[in-house]
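J.: This is the structure I want to talk about, given as structure tokens.
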Amino acid sequence: LTGPLEPTNRPYALAKIAGIEMCWSYNRQYKTQYLAVMPTNLYGPGDNYHPENSHVIPALIRKFHEARQTGSPTVTVWGTGAPKREFMYSEDMADACVYLMALPDEQFTLLLGQDRNDGLPPLVNIGVGEDLTIRELAETVKQVTGYAGTIVFDSSKPDGTPRKLMDVTRLNQMGWKHSTSLFRGLQLAYADYVDRENR
């Protein structure tokens, strides 16, 4: 933790912290080998596209698709569009987890930190190491969905934390990097949404 928790995200953040602490405590007390992974924002097939209860990418996919279908001249996006976020395709997340589980014992043990006293929990960040603004994301989703109208940003709605970018140096140094570009991942997610809508 490097500062106070963002108020709208506090319960979620505390639950993640508690899970990491539990892994760490079990490893020390019972000599287990639990490794916590901290993913960035994920998206992909099977996502929740509910109009009010979904994350940013599935919400944008649905909004732009519906606007294209109805011929709406504008799509409204919450906030100023300035906050920066990092997104990773869900299959890349799965691939990273499999990669970590398949590490040689010696390398995996080093990750757990049981032989060191640096105070770091058994944790690996999983992400792409790049972020973009919500404005850039909205423009990309607009392109992927083929929407031809205008994007309007509603600055009366909250932006949240200005920037969320994970440090994935540790994972990259172990030899793993994501393989799905944001554009390609959005194409796959959009195809999933359209397929589910047509069922």
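Chain labels follow the order of the structure tokens: the first chain is A, the next B, and so on; residue numbering restarts at 1 in every chain, and ligands are counted from 1 in their shown order.
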Using DSSP on the backbone coordinates, identify the residues of chain A assigned to strand (DSSP E or B); present them as a ChimeraX atom specification.

T.: /A:36-39,41-43,74-78,84-85,87-89,123-126,132-133,150-154,163-164

J.: As JSON, numbers by chain, please: the residues near stretch 52-64 of chain A (cut-off 7 Å, only C-alpha atoms, same-chain neighbours under 2 positions excluded).

T.: {"A": [43, 47, 48, 49, 50, 66, 67, 68, 75, 138, 141, 142, 145, 147, 190]}

J.: Go ahead and write the selection's residues with N, CA and C atoms as an mmCIF file, in the first residue's frame.

T.:
data_model
loop_
_atom_site.group_PDB
_atom_site.id
_atom_site.type_symbol
_atom_site.label_atom_id
_atom_site.label_comp_id
_atom_site.auth_asym_id
_atom_site.auth_seq_id
_atom_site.Cartn_x
_atom_site.Cartn_y
_atom_site.Cartn_z
ATOM 1 N N TYR A 43 -10.922 -8.399 -19.150
ATOM 2 C CA TYR A 43 -12.090 -8.394 -20.031
ATOM 3 C C TYR A 43 -11.962 -9.571 -20.979
ATOM 4 N N ASP A 47 -17.938 -12.177 -20.364
ATOM 5 C CA ASP A 47 -18.011 -11.039 -19.449
ATOM 6 C C ASP A 47 -19.462 -10.684 -19.150
ATOM 7 N N ASN A 48 -19.652 -9.850 -18.149
ATOM 8 C CA ASN A 48 -20.972 -9.358 -17.759
ATOM 9 C C ASN A 48 -21.235 -8.050 -18.497
ATOM 10 N N TYR A 49 -22.184 -8.069 -19.402
ATOM 11 C CA TYR A 49 -22.488 -6.884 -20.220
ATOM 12 C C TYR A 49 -23.730 -6.140 -19.722
ATOM 13 N N HIS A 50 -24.082 -6.341 -18.470
ATOM 14 C CA HIS A 50 -25.269 -5.690 -17.906
ATOM 15 C C HIS A 50 -25.124 -4.170 -18.009
ATOM 16 N N GLU A 66 -25.324 -0.913 -29.040
ATOM 17 C CA GLU A 66 -26.731 -0.502 -29.041
ATOM 18 C C GLU A 66 -26.921 0.824 -29.773
ATOM 19 N N ALA A 67 -25.970 1.755 -29.603
ATOM 20 C CA ALA A 67 -26.065 3.050 -30.298
ATOM 21 C C ALA A 67 -25.969 2.855 -31.811
ATOM 22 N N ARG A 68 -25.112 1.947 -32.230
ATOM 23 C CA ARG A 68 -25.002 1.656 -33.664
ATOM 24 C C ARG A 68 -26.293 1.036 -34.189
ATOM 25 N N VAL A 75 -22.958 8.702 -27.880
ATOM 26 C CA VAL A 75 -22.805 7.750 -26.778
ATOM 27 C C VAL A 75 -22.193 8.533 -25.627
ATOM 28 N N ALA A 138 -12.475 4.463 -25.161
ATOM 29 C CA ALA A 138 -13.786 4.673 -25.791
ATOM 30 C C ALA A 138 -13.648 4.802 -27.310
ATOM 31 N N VAL A 141 -13.051 1.269 -28.687
ATOM 32 C CA VAL A 141 -14.281 0.467 -28.700
ATOM 33 C C VAL A 141 -15.215 0.966 -29.800
ATOM 34 N N LYS A 142 -15.278 2.269 -29.976
ATOM 35 C CA LYS A 142 -16.085 2.854 -31.061
ATOM 36 C C LYS A 142 -15.640 2.283 -32.409
ATOM 37 N N THR A 145 -16.526 -1.541 -32.771
ATOM 38 C CA THR A 145 -17.956 -1.814 -32.957
ATOM 39 C C THR A 145 -18.520 -1.215 -34.241
ATOM 40 N N TYR A 147 -19.233 1.965 -34.697
ATOM 41 C CA TYR A 147 -20.136 3.081 -34.401
ATOM 42 C C TYR A 147 -19.613 4.347 -35.072
ATOM 43 N N TYR A 190 -15.967 -8.218 -28.443
ATOM 44 C CA TYR A 190 -17.144 -7.736 -29.172
ATOM 45 C C TYR A 190 -17.833 -8.880 -29.920
#

J.: What are the nearest atom pairs, with distances in Å to one decimal, for all residues of stretch 156-189 of chain A that come at most 10 Å from stretch 5-9 of chain A, using only C-alpha atoms, set out by chain and rising residue number as JSON lines?

T.:
{"residue": "A:Pro158", "atom": "CA", "partner": "A:Thr8", "partner_atom": "CA", "distance": 9.9}
{"residue": "A:Gly160", "atom": "CA", "partner": "A:Glu6", "partner_atom": "CA", "distance": 7.5}
{"residue": "A:Thr161", "atom": "CA", "partner": "A:Glu6", "partner_atom": "CA", "distance": 6.7}

J.: Any chance you could export the current selection's N, CA and C atoms as a PDB file, in the first residue's frame?

T.:
ATOM      1  N   PRO A 158     -18.284  10.567 -11.679  1.00  0.00           N
ATOM      2  CA  PRO A 158     -16.936  10.451 -11.108  1.00  0.00           C
ATOM      3  C   PRO A 158     -15.923   9.813 -12.057  1.00  0.00           C
ATOM      4  N   GLY A 160     -12.928   8.580 -10.592  1.00  0.00           N
ATOM      5  CA  GLY A 160     -12.200   7.593  -9.798  1.00  0.00           C
ATOM      6  C   GLY A 160     -10.724   7.948  -9.742  1.00  0.00           C
ATOM      7  N   THR A 161      -9.904   6.982  -9.422  1.00  0.00           N
ATOM      8  CA  THR A 161      -8.461   7.179  -9.317  1.00  0.00           C
ATOM      9  C   THR A 161      -7.890   7.646 -10.655  1.00  0.00           C
TER      10      THR A 161
END

J.: Run DSSP on the backbone and grab whatever in stretch 5-198 of chain A lands in helix (DSSP H, G or I); send it over as a PyMOL selection string.

T.: chain A and resi 7-30+56-70+90-101+105-112+134-145+169-173+182-197

J.: Report the distance between atom CA of A:Asn41 and atom CA of A:Pro104 in Å, rounded to one decimal place.

T.: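 If I compute the distance from atom CA of A:Asn41 to atom CA of A:Pro104, I get 27.8 Å.
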
J.: Compare A:Gly113, A:Gly3, A:Gln107, A:His65 by their minimum atom-to-atom distance to A:Thr32, counting only C-alpha atoms, and give me the closest one.

T.: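 Checking each candidate against A:Thr32, we get A:Gly113 as the closest.
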
J.: Any idea what the distance is between atom CA of A:Leu35 and atom CA of A:Ile20?

T.: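 These two atoms are separated by 8.3 Å.
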
J.: Which residue, A:Asp154, A:Asp92, A:Glu106, A:Glu86, has the smallest gap to A:Leu137 when you use only C-alpha atoms?

T.: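 Comparing A:Asp154, A:Asp92, A:Glu106, A:Glu86 against A:Leu137, the winner is A:Glu86.
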
J.: Report the distance between atom CA of A:Trp24 and atom CA of A:Gly127 in Å, rounded to one decimal place.

T.: 21.5 Å

J.: Which of these residues is nearest to A:Asp105, using only C-alpha atoms: A:Gln33, A:Thr40, A:Gln143, A:Asn27?

T.: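 Selected residue with least distance to A:Asp105: A:Gln33.
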
J.: Might you pull out every residue within 7 Å of A:Val168, with only C-alpha atoms counted and same-chain residues fewer than 5 positions away left off, and present them as a list of chain:residue names?

T.: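 Surrounding residues, per the criterion: A:Asn125, A:Ile126, A:Gly127, A:Gly129.
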
J.: Give me the residues within 12 Å of A:Val128 as a ChimeraX atom specification, counting only C-alpha atoms and dropping any in the same chain fewer than 3 places off.

T.: /A:39-42,85-90,92-93,96,125,131-132,164-172,176-182

J.: Would you save the residues from that selection as a CSV table (one decimal), in the first residue's frame, using C-alpha atoms?

T.:
chain,number,residue,atom,x,y,z
A,39,PRO,CA,-4.5,-9.1,-11.9
A,40,THR,CA,-5.1,-5.8,-13.6
A,41,ASN,CA,-8.6,-5.0,-15.1
A,42,LEU,CA,-9.7,-8.1,-17.1
A,85,ARG,CA,-6.3,2.3,-16.9
A,86,GLU,CA,-4.6,-0.9,-17.8
A,87,PHE,CA,-6.6,-3.8,-19.3
A,88,MET,CA,-5.7,-7.4,-20.1
A,89,TYR,CA,-7.5,-10.0,-22.1
A,90,SER,CA,-8.8,-12.8,-19.8
A,92,ASP,CA,-3.7,-13.9,-21.2
A,93,MET,CA,-4.5,-13.9,-17.4
A,96,ALA,CA,0.1,-16.2,-16.9
A,125,ASN,CA,1.3,-8.6,-10.4
A,131,ASP,CA,-2.2,2.0,-19.8
A,132,LEU,CA,-4.4,4.3,-21.8
A,164,LYS,CA,-4.0,2.5,-12.2
A,165,LEU,CA,-0.9,0.9,-13.8
A,166,MET,CA,0.6,-2.3,-12.4
A,167,ASP,CA,4.4,-2.9,-12.2
A,168,VAL,CA,4.8,-6.2,-14.1
A,169,THR,CA,8.6,-6.1,-14.2
A,170,ARG,CA,8.9,-9.1,-12.0
A,171,LEU,CA,6.7,-11.3,-14.2
A,172,ASN,CA,8.3,-10.0,-17.4
A,176,TRP,CA,6.2,-14.1,-19.4
A,177,LYS,CA,4.5,-11.3,-21.4
A,178,HIS,CA,0.9,-10.9,-22.6
A,179,SER,CA,0.2,-11.9,-26.2
A,180,THR,CA,-3.1,-10.3,-27.0
A,181,SER,CA,-3.2,-6.6,-28.1
A,182,LEU,CA,-6.0,-4.4,-26.7
